>>> print(open('my_file-v7.cif').read())   # mmCIF, C-alpha atoms
data_input
loop_
_atom_site.label_atom_id
_atom_site.label_comp_id
_atom_site.auth_asym_id
_atom_site.auth_seq_id
_atom_site.Cartn_x
_atom_site.Cartn_y
_atom_site.Cartn_z
CA MET A 1 3.13 20.92 3.97
CA ILE A 2 6.55 21.24 5.61
CA SER A 3 8.95 18.69 7.05
CA ARG A 4 12.67 19.31 7.35
CA ARG A 5 13.25 15.61 6.80
CA PHE A 6 11.49 13.85 3.96
CA TRP A 7 12.07 11.16 1.37
CA PRO A 8 14.61 9.55 1.04
CA LEU A 9 15.11 10.20 4.78
CA VAL A 10 12.24 8.07 6.02
CA GLY A 11 10.89 7.53 9.54
CA GLY A 12 7.46 7.36 11.13
CA ALA A 13 6.89 11.13 11.06
CA GLU A 14 7.98 11.35 7.43
CA ARG A 15 5.74 8.44 6.39
CA ALA A 16 2.80 10.03 8.21
CA MET A 17 3.27 13.32 6.35
CA ALA A 18 3.78 11.55 3.02
CA GLY A 19 0.59 9.56 3.57
CA LEU A 20 -1.36 12.71 4.41
CA ALA A 21 -0.01 14.54 1.36
CA SER A 22 -0.95 11.67 -0.93
CA GLN A 23 -4.42 11.38 0.60
CA PHE A 24 -5.05 15.13 0.37
CA HIS A 25 -4.03 15.02 -3.29
CA SER A 26 -6.27 12.04 -4.03
CA GLU A 27 -9.22 13.96 -2.56
CA GLY A 28 -8.65 16.85 -4.96
CA HIS A 29 -6.70 19.30 -2.79
CA SER A 30 -3.71 21.22 -4.10
CA VAL A 31 -0.64 20.21 -2.10
CA ARG A 32 3.02 21.17 -2.20
CA PHE A 33 5.70 19.76 0.08
CA LEU A 34 8.62 21.85 1.33
CA THR A 35 11.66 20.12 2.79
CA ALA A 36 15.44 20.44 3.13
CA GLN A 37 17.99 19.64 0.44
CA TRP A 38 20.36 17.62 2.61
CA GLU A 39 22.70 16.70 -0.26
CA SER A 40 23.82 19.18 -2.92
CA ASN A 41 23.31 16.61 -5.71
CA TRP A 42 19.66 16.03 -4.79
CA PRO A 43 17.25 17.69 -7.25
CA SER A 44 15.59 20.80 -5.87
CA GLU A 45 12.25 19.89 -7.49
CA LEU A 46 10.65 16.44 -7.74
CA VAL A 47 7.32 14.65 -7.53
CA HIS A 48 6.67 12.11 -4.74
CA ARG A 49 3.45 10.06 -4.92
CA GLU A 50 2.02 12.64 -7.35
CA VAL A 51 2.75 15.51 -4.94
CA PRO A 52 5.26 18.21 -6.01
CA VAL A 53 8.19 18.59 -3.61
CA THR A 54 10.49 21.60 -3.30
CA ARG A 55 13.80 21.10 -1.55
CA LEU A 56 15.30 24.21 0.05
CA ASN A 57 19.05 24.66 0.40
CA HIS A 58 20.42 23.25 3.67
CA PRO A 59 24.20 23.51 4.18
CA LYS A 60 25.67 20.63 6.20
CA THR A 61 27.39 22.87 8.75
CA LYS A 62 25.63 22.38 12.07
CA GLY A 63 23.89 25.53 13.30
CA TRP A 64 24.66 27.49 10.15
CA GLY A 65 22.83 24.90 8.04
CA THR A 66 19.73 25.22 10.22
CA PHE A 67 19.84 29.02 10.05
CA ARG A 68 20.19 29.03 6.26
CA TYR A 69 17.36 26.49 5.87
CA MET A 70 15.06 28.62 8.04
CA THR A 71 15.96 31.69 5.98
CA HIS A 72 15.22 29.92 2.69
CA LEU A 73 11.95 28.58 4.11
CA LYS A 74 10.79 32.02 5.28
CA ASN A 75 11.73 33.57 1.94
CA TRP A 76 9.84 30.90 -0.03
CA LEU A 77 6.73 31.30 2.12
CA LYS A 78 6.90 35.09 1.74
CA GLU A 79 7.39 35.02 -2.04
CA HIS A 80 4.60 32.49 -2.62
CA HIS A 81 2.11 33.63 0.04
CA THR A 82 -0.68 34.13 -2.50
CA GLU A 83 -0.42 30.49 -3.62
CA TYR A 84 -1.46 28.68 -0.44
CA ASP A 85 -4.30 28.91 2.08
CA ALA A 86 -2.76 27.08 5.06
CA ILE A 87 0.40 25.37 6.26
CA LEU A 88 0.77 21.97 7.94
CA VAL A 89 4.16 21.42 9.60
CA SER A 90 5.71 18.27 11.06
CA MET A 91 7.25 18.73 14.53
CA LEU A 92 7.40 21.79 16.79
CA LYS A 93 10.93 22.71 15.80
CA HIS A 94 12.81 25.19 13.61
CA ASP A 95 10.65 25.00 10.50
CA ALA A 96 7.44 25.30 12.55
CA TYR A 97 8.86 28.44 14.19
CA ALA A 98 9.85 29.92 10.82
CA ALA A 99 6.52 29.04 9.20
CA THR A 100 4.42 30.49 12.01
CA LYS A 101 6.44 33.70 12.15
CA THR A 102 6.18 34.23 8.38
CA ALA A 103 2.66 33.02 7.53
CA HIS A 104 0.96 35.02 10.26
CA ARG A 105 2.21 38.21 8.59
CA PHE A 106 -0.24 37.37 5.80
CA ASP A 107 -3.04 36.02 8.05
CA ILE A 108 -2.37 32.47 6.81
CA PRO A 109 -3.07 29.81 9.46
CA VAL A 110 -0.41 27.32 10.56
CA VAL A 111 -1.18 23.88 11.98
CA ILE A 112 1.64 21.83 13.53
CA ARG A 113 1.83 18.07 14.09
CA ALA A 114 3.64 17.04 17.29
CA GLU A 115 5.24 13.76 16.29
CA GLY A 116 6.71 12.23 19.43
CA ALA A 117 6.64 11.88 23.20
CA GLY A 118 9.13 11.41 26.00
CA PRO A 119 12.91 11.87 25.64
CA THR A 120 12.73 12.10 21.84
CA GLY A 121 9.54 14.16 21.69
CA ASP A 122 8.94 17.80 20.83
CA CYS A 123 8.37 18.98 24.41
CA GLU A 124 11.67 17.50 25.59
CA PHE A 125 13.37 19.18 22.63
CA HIS A 126 12.02 22.53 23.83
CA ARG A 127 13.46 21.87 27.29
CA THR A 128 16.93 20.76 26.24
CA ALA A 129 17.80 22.17 22.80
CA ARG A 130 19.67 25.38 22.16
CA PHE A 131 17.05 28.11 21.62
CA GLY A 132 14.41 25.50 22.58
CA ALA A 133 12.47 27.94 24.76
CA ARG A 134 12.37 30.49 21.95
CA LEU A 135 11.21 27.89 19.43
CA LYS A 136 8.49 26.84 21.86
CA GLN A 137 7.23 30.42 22.17
CA GLY A 138 6.93 30.65 18.41
CA CYS A 139 5.13 27.31 18.12
CA GLN A 140 2.68 28.32 20.84
CA LYS A 141 1.39 30.95 18.41
CA ALA A 142 0.34 28.33 15.86
CA ASP A 143 -3.39 28.24 15.16
CA ALA A 144 -3.68 24.56 16.10
CA ILE A 145 -1.38 21.78 17.25
CA ILE A 146 -2.26 18.18 16.44
CA ALA A 147 -1.26 15.45 18.89
CA PRO A 148 -1.27 11.87 17.53
CA SER A 149 -1.82 10.32 20.97
CA GLN A 150 -3.30 11.19 24.35
CA LEU A 151 0.22 11.02 25.83
CA VAL A 152 1.53 13.67 23.42
CA SER A 153 -1.57 15.78 24.05
CA GLN A 154 -0.99 15.70 27.80
CA GLU A 155 2.69 16.56 27.39
CA LEU A 156 1.74 19.63 25.36
CA LEU A 157 -0.78 20.77 27.98
CA ASP A 158 1.69 20.18 30.81
CA ALA A 159 4.26 22.24 28.89
CA GLY A 160 1.91 25.22 28.79
CA PHE A 161 0.30 24.97 25.35
CA GLU A 162 -3.25 26.34 25.35
CA GLN A 163 -5.91 23.67 25.64
CA ASP A 164 -8.11 25.17 22.93
CA ARG A 165 -5.25 24.93 20.41
CA VAL A 166 -4.33 21.28 21.05
CA ARG A 167 -6.27 18.71 19.00
CA PHE A 168 -6.01 14.95 19.41
CA VAL A 169 -5.97 13.18 16.02
CA PRO A 170 -4.65 9.61 16.08
CA ASN A 171 -2.33 8.45 13.33
CA GLY A 172 -3.77 6.46 10.47
CA VAL A 173 -2.37 4.09 7.88
CA GLU A 174 -3.32 2.75 4.49
CA VAL A 175 -4.71 -0.78 4.69
CA GLN A 176 -4.15 -3.25 1.87
CA ALA A 177 -7.36 -4.72 0.48
CA SER A 178 -5.83 -8.20 0.73
CA ASN A 179 -2.72 -9.63 2.33
CA ILE A 180 0.46 -9.86 0.22
CA ASP A 181 1.69 -13.43 -0.20
CA LYS A 182 4.65 -14.06 2.14
CA THR A 183 6.58 -16.28 -0.28
CA GLU A 184 6.23 -13.77 -3.12
CA ALA A 185 7.28 -10.91 -0.84
CA ARG A 186 10.41 -12.76 0.25
CA LEU A 187 11.33 -13.64 -3.33
CA SER A 188 10.83 -10.04 -4.41
CA LEU A 189 13.00 -8.68 -1.61
CA GLY A 190 15.69 -11.31 -2.21
CA ASP A 191 15.79 -10.38 -5.90
CA ALA A 192 16.14 -6.70 -4.97
CA HIS A 193 19.20 -7.32 -2.76
CA PRO A 194 21.02 -10.51 -1.62
CA ILE A 195 21.12 -9.25 1.98
CA LEU A 196 17.31 -9.54 2.08
CA GLN A 197 17.18 -13.23 1.13
CA VAL A 198 15.25 -15.38 3.61
CA ASN A 199 14.50 -19.00 2.90
CA THR A 200 11.03 -20.50 3.29
CA GLY A 201 10.61 -21.83 6.80
CA GLU A 202 13.19 -19.48 8.34
CA PRO A 203 11.53 -17.13 10.84
CA LEU A 204 11.85 -13.41 10.12
CA VAL A 205 11.17 -10.65 12.65
CA VAL A 206 11.13 -7.01 11.51
CA TYR A 207 11.52 -3.66 13.26
CA THR A 208 10.86 -0.45 11.31
CA GLY A 209 11.67 3.00 12.66
CA ARG A 210 14.55 5.19 13.77
CA LEU A 211 17.82 3.54 14.74
CA ASP A 212 17.78 5.10 18.19
CA LYS A 213 18.76 3.64 21.55
CA GLU A 214 15.53 5.01 23.03
CA LYS A 215 13.69 2.59 20.73
CA GLY A 216 15.08 -0.24 22.87
CA LEU A 217 17.14 -1.71 20.05
CA LEU A 218 20.09 -2.69 22.26
CA ASP A 219 17.62 -4.66 24.40
CA LEU A 220 16.26 -6.25 21.22
CA ILE A 221 19.74 -7.37 20.19
CA ASP A 222 20.26 -8.93 23.63
CA ALA A 223 16.84 -10.60 23.36
CA TRP A 224 17.76 -12.00 19.95
CA LYS A 225 20.73 -13.77 21.55
CA ILE A 226 18.09 -15.84 23.37
CA VAL A 227 15.79 -16.21 20.34
CA GLY A 228 18.75 -17.35 18.25
CA THR A 229 19.37 -20.34 20.50
CA ILE A 230 15.91 -21.64 19.53
CA PHE A 231 15.97 -20.41 15.92
CA PRO A 232 19.63 -20.38 14.80
CA ASN A 233 18.53 -19.68 11.20
CA GLY A 234 16.13 -16.91 12.21
CA ARG A 235 16.58 -13.36 10.95
CA LEU A 236 16.00 -9.96 12.52
CA TRP A 237 15.85 -6.88 10.29
CA LEU A 238 16.27 -3.46 11.89
CA VAL A 239 14.87 -1.26 9.12
CA GLY A 240 15.56 2.47 9.25
CA GLU A 241 18.31 4.99 9.77
CA GLY A 242 19.39 7.19 12.64
CA SER A 243 22.19 8.67 14.70
CA ASP A 244 22.67 5.52 16.80
CA GLY A 245 23.13 3.22 13.82
CA ARG A 246 26.87 2.77 14.43
CA ALA A 247 26.42 1.97 18.15
CA ILE A 248 23.68 -0.53 17.30
CA TRP A 249 25.85 -2.22 14.68
CA ASP A 250 28.77 -2.38 17.13
CA HIS A 251 26.53 -4.10 19.68
CA ILE A 252 25.39 -6.63 17.08
CA ARG A 253 29.02 -7.52 16.40
CA GLU A 254 29.86 -7.69 20.11
CA GLN A 255 27.06 -10.24 20.53
CA GLN A 256 28.33 -12.13 17.46
CA LEU A 257 24.95 -11.80 15.75
CA SER A 258 25.96 -10.16 12.47
CA TYR A 259 24.82 -13.29 10.60
CA GLN A 260 21.31 -13.13 12.07
CA ILE A 261 20.70 -9.37 12.43
CA ILE A 262 20.98 -6.97 9.51
CA LEU A 263 20.49 -3.23 9.05
CA PRO A 264 19.18 -2.88 5.49
CA GLY A 265 18.65 0.89 5.65
CA SER A 266 15.42 2.86 5.24
CA PHE A 267 12.50 2.12 2.92
CA ASP A 268 9.88 4.53 1.66
CA GLU A 269 7.37 1.68 1.36
CA VAL A 270 7.38 -1.09 3.98
CA SER A 271 4.48 -3.27 2.77
CA ASP A 272 6.73 -5.96 1.23
CA LEU A 273 8.96 -5.97 4.32
CA LEU A 274 6.00 -6.55 6.60
CA ALA A 275 4.45 -9.12 4.25
CA ALA A 276 7.68 -11.12 4.40
CA ALA A 277 7.77 -11.09 8.21
CA ASP A 278 6.55 -13.65 10.73
CA ALA A 279 6.39 -10.99 13.46
CA PHE A 280 6.96 -7.29 14.05
CA VAL A 281 8.67 -5.98 17.18
CA LEU A 282 8.69 -2.51 18.80
CA PRO A 283 10.80 -2.46 22.00
CA SER A 284 10.58 1.33 22.61
CA TYR A 285 10.95 2.97 26.00
CA GLN A 286 8.34 5.60 25.10
CA GLU A 287 6.03 6.25 22.15
CA GLY A 288 3.28 8.65 21.19
CA MET A 289 1.28 6.56 18.75
CA SER A 290 3.66 4.51 16.66
CA LEU A 291 2.95 4.63 12.93
CA SER A 292 5.24 1.62 12.51
CA LEU A 293 3.13 -0.38 14.93
CA LEU A 294 -0.08 0.63 13.15
CA GLU A 295 1.44 -0.34 9.78
CA ALA A 296 2.34 -3.78 11.09
CA MET A 297 -1.12 -4.31 12.54
CA ALA A 298 -2.70 -3.18 9.26
CA ALA A 299 -0.48 -5.66 7.39
CA ASN A 300 -1.84 -8.59 9.41
CA VAL A 301 1.54 -9.26 11.05
CA PRO A 302 1.72 -10.56 14.66
CA VAL A 303 3.09 -7.74 16.82
CA VAL A 304 5.24 -7.66 19.95
CA ALA A 305 5.73 -4.36 21.78
CA THR A 306 6.80 -3.00 25.14
CA ASP A 307 4.14 -2.31 27.74
CA ILE A 308 4.17 1.49 27.59
CA PRO A 309 1.17 3.86 27.35
CA GLY A 310 1.47 4.58 23.63
CA ASN A 311 1.67 0.89 22.73
CA ARG A 312 -0.92 -0.13 25.32
CA GLU A 313 -3.32 2.33 23.67
CA LEU A 314 -3.25 0.12 20.55
CA ILE A 315 -2.59 -3.40 21.80
CA GLN A 316 -4.75 -5.27 24.21
CA GLU A 317 -4.58 -9.00 24.91
CA ASP A 318 -6.42 -9.97 21.74
CA LYS A 319 -4.39 -7.79 19.33
CA GLY A 320 -0.74 -8.48 20.15
CA LEU A 321 1.77 -9.26 22.87
CA LEU A 322 3.15 -6.77 25.39
CA CYS A 323 6.40 -7.32 27.28
CA LYS A 324 8.29 -5.55 30.07
CA VAL A 325 10.30 -2.43 29.25
CA ARG A 326 14.12 -2.69 29.29
CA ASP A 327 13.87 -6.45 29.84
CA PRO A 328 15.53 -8.55 27.10
CA GLU A 329 14.33 -11.83 28.63
CA SER A 330 10.69 -10.71 28.65
CA LEU A 331 11.10 -9.43 25.10
CA ALA A 332 12.63 -12.71 23.94
CA THR A 333 9.82 -14.70 25.56
CA ALA A 334 7.19 -12.64 23.75
CA ILE A 335 8.97 -12.97 20.38
CA LEU A 336 9.26 -16.74 20.82
CA ASP A 337 5.58 -16.93 21.76
CA ALA A 338 4.65 -15.05 18.57
CA LEU A 339 6.81 -17.35 16.43
CA GLN A 340 6.02 -20.69 18.06
CA ARG A 341 2.29 -20.40 18.76
CA GLN A 342 1.19 -19.61 15.24
CA GLY A 343 -2.53 -20.26 15.74
CA PRO A 344 -3.03 -17.64 18.49
CA SER A 345 -0.61 -15.29 16.72
CA LYS A 346 -2.64 -15.45 13.51
CA GLN A 347 -5.88 -14.79 15.38
CA ARG A 348 -4.44 -11.76 17.20
CA ALA A 349 -3.07 -10.39 13.90
CA GLU A 350 -6.46 -10.68 12.19
CA THR A 351 -8.17 -8.95 15.11
CA ALA A 352 -5.56 -6.19 15.08
CA LYS A 353 -6.00 -5.57 11.35
CA GLN A 354 -9.76 -5.22 11.68
CA TYR A 355 -9.27 -2.87 14.62
CA VAL A 356 -7.00 -0.61 12.52
CA ILE A 357 -9.45 -0.64 9.60
CA GLU A 358 -12.26 0.52 11.88
CA ASN A 359 -10.34 3.09 13.92
CA TYR A 360 -7.04 4.16 12.34
CA SER A 361 -7.44 4.43 8.58
CA LEU A 362 -5.46 6.99 6.60
CA GLU A 363 -8.73 8.34 5.20
CA LYS A 364 -10.06 9.10 8.68
CA MET A 365 -6.78 10.68 9.76
CA ALA A 366 -6.69 12.91 6.68
CA GLN A 367 -10.32 13.97 7.08
CA GLU A 368 -9.78 15.02 10.71
CA HIS A 369 -6.68 17.01 9.70
CA LEU A 370 -8.64 18.70 6.92
CA GLU A 371 -11.45 19.66 9.26
CA ILE A 372 -8.98 21.37 11.60
CA ILE A 373 -7.15 23.10 8.74
CA GLU A 374 -10.34 24.30 7.04
CA LYS A 375 -11.70 25.62 10.34
CA GLN A 376 -8.54 27.71 10.76
CA ILE A 377 -8.74 28.97 7.16
CA PHE A 378 -12.35 30.01 7.70
CA ALA A 379 -11.48 31.78 10.96
CA SER A 380 -8.59 33.67 9.31
CA LYS A 381 -10.87 35.06 6.59
CA ARG A 382 -13.60 36.41 8.84
#
>>> encode(input="my_file-v7.cif", output="structure tokens")
Amino acid sequence: MISRRFWPLVGGAERAMAGLASQFHSEGHSVRFLTAQWESNWPSELVHREVPVTRLNHPKTKGWGTFRYMTHLKNWLKEHHTEYDAILVSMLKHDAYAATKTAHRFDIPVVIRAEGAGPTGDCEFHRTARFGARLKQGCQKADAIIAPSQLVSQELLDAGFEQDRVRFVPNGVEVQASNIDKTEARLSLGDAHPILQVNTGEPLVVYTGRLDKEKGLLDLIDAWKIVGTIFPNGRLWLVGEGSDGRAIWDHIREQQLSYQIILPGSFDEVSDLLAAADAFVLPSYQEGMSLSLLEAMAANVPVVATDIPGNRELIQEDKGLLCKVRDPESLATAILDALQRQGPSKQRAETAKQYVIENYSLEKMAQEHLEIIEKQIFASKR
């Protein structure tokens, strides 16, 4: 399994791959994760959730760092080609290109996961990035491409990927057998770091994902200006990391909300964060199928999200609240509804959790990936 970004760099795509790796391992499959060594002091070998991880050298120099990482990845795959039967790569980018080009020399199948849609998705990357067209040509030679939503699937087909190679497999998440106690979760987080202290009775809303303007986070900050007038002691946590973190923090300060809104960084495991929350919010402009949204639904947390196809695919009227896109007032109204009308919010959250259990479990996601991978392995050995 290959992902250029991996723990401790954690986003939805990275959590999806980590979940798959852990599930594959638990089912008895031999798994190794290849990723980039973004910092020179990071160990080159480690174990994450019982899965061995190899970090390949990645100089920080832009362009040169990517080239060197691709070279190290191709060399590793070449040297160890007798040790693996198939490759699963996250995103249709540089490492997918390198993996496909190398593995096919040894008749080893490559399956790629397309992780996003719209302006931050893989197809847009092919259109706008340097060498994007060339990377796309290489990825088109992969044996199968997995799309986590119908929107991503359609984008791939519209971009010219062959229909018989594109497979729709929705994301899945691990579901806790029982809900974590909110008070205990808040105490645990507060003990871990003072910035995460929230008193009983104070409303807490959580966002998890990339700190990216396309996630609608500037709109969320503006919406919180309205929410804060009703709940002056309320808290909003924007959990994650990303290139727009500085701009987002500057906007928080401009709105004089640094007391109410915090950026605690990224977390490998978000169960305690969600257990501590009164609501989860996803104000994105475009999504494939949000793993963060699925995790919140699975955690029995009331959810608020923008009315876009990817979110609408998961949330209907009885599972959460949808609001207008790029509309802070509509977003604020939905957040206040989730916080103030606790009876309906609780009912929607319970319905959403059951829906995820029945349709979007990690076990089901892993099994569908395995079926695709094993089919390609069988075809390669004919």
>>> resolve_selection(input="my_file-v7.cif", expression="the PyMOL selection byres ((chain A and resi 16) around 12)", output="ChimeraX atom specification")
/A:1,3,5-7,10-15,17-23,89-91,113-115,148,170-174,268-269,289-292,294-295,361-362,365-366,369
>>> atom_distance(input="my_file-v7.cif", atom1="CA of Leu217 (chain A)", atom2="CA of Leu196 (chain A)")
19.6 Å
>>> closest_residue(input="my_file-v7.cif", among="A:Gln354, A:Lys136, A:Leu189, A:Gly28", to="Glu124 (chain A)", atoms="only C-alpha atoms")
A:Lys136
>>> atom_distance(input="my_file-v7.cif", atom1="CA of Val206 (chain A)", atom2="CA of Val175 (chain A)")
18.3 Å
>>> resolve_selection(input="my_file-v7.cif", expression="the PyMOL selection byres ((chain A and resi 93) around 8)", output="PyMOL selection string")
chain A and resi 91-92+94-97+122+135-136+139
>>> atom_distance(input="my_file-v7.cif", atom1="CA of Leu204 (chain A)", atom2="CA of Trp224 (chain A)")
11.6 Å
>>> closest_atom_pairs(input="my_file-v7.cif", of="region 101-208 of chain A", to="region 53-74 of chain A", cutoff="12 Å", atoms="all atoms listed in the file", output="tab-separated table")
residue	atom	partner	partner_atom	distance
A:Lys101	CA	A:Lys74	CA	8.3
A:Thr102	CA	A:Lys74	CA	6.0
A:Ala103	CA	A:Lys74	CA	8.5
A:His104	CA	A:Lys74	CA	11.4
A:Arg105	CA	A:Lys74	CA	11.1
A:Ala129	CA	A:Gly63	CA	11.8
A:Arg130	CA	A:Gly63	CA	9.8
A:Phe131	CA	A:Gly63	CA	11.1
>>> closest_atom_pairs(input="my_file-v7.cif", of="region 47-140 of chain A", to="region 308-326 of chain A", cutoff="12 Å", atoms="only C-alpha atoms", output="Markdown table")
| residue | atom | partner | partner_atom | distance |
| --- | --- | --- | --- | --- |
| A:Gly116 | CA | A:Gly310 | CA | 10.2 |
| A:Ala117 | CA | A:Gly310 | CA | 9.0 |
| A:Gly118 | CA | A:Gly310 | CA | 10.5 |
>>> write_last_selection(input="my_file-v7.cif", atoms="C-alpha atoms", output="tab-separated table (two decimals), in the frame of the given file")
chain	number	residue	atom	x	y	z
A	116	GLY	CA	6.71	12.23	19.43
A	117	ALA	CA	6.64	11.88	23.20
A	118	GLY	CA	9.13	11.41	26.00
>>> resolve_selection(input="my_file-v7.cif", expression="the PyMOL selection byres ((chain A and resi 153-166) around 8)", output="NGL selection string")
:A and (117 or 123 or 140 or 142-152 or 167-168)
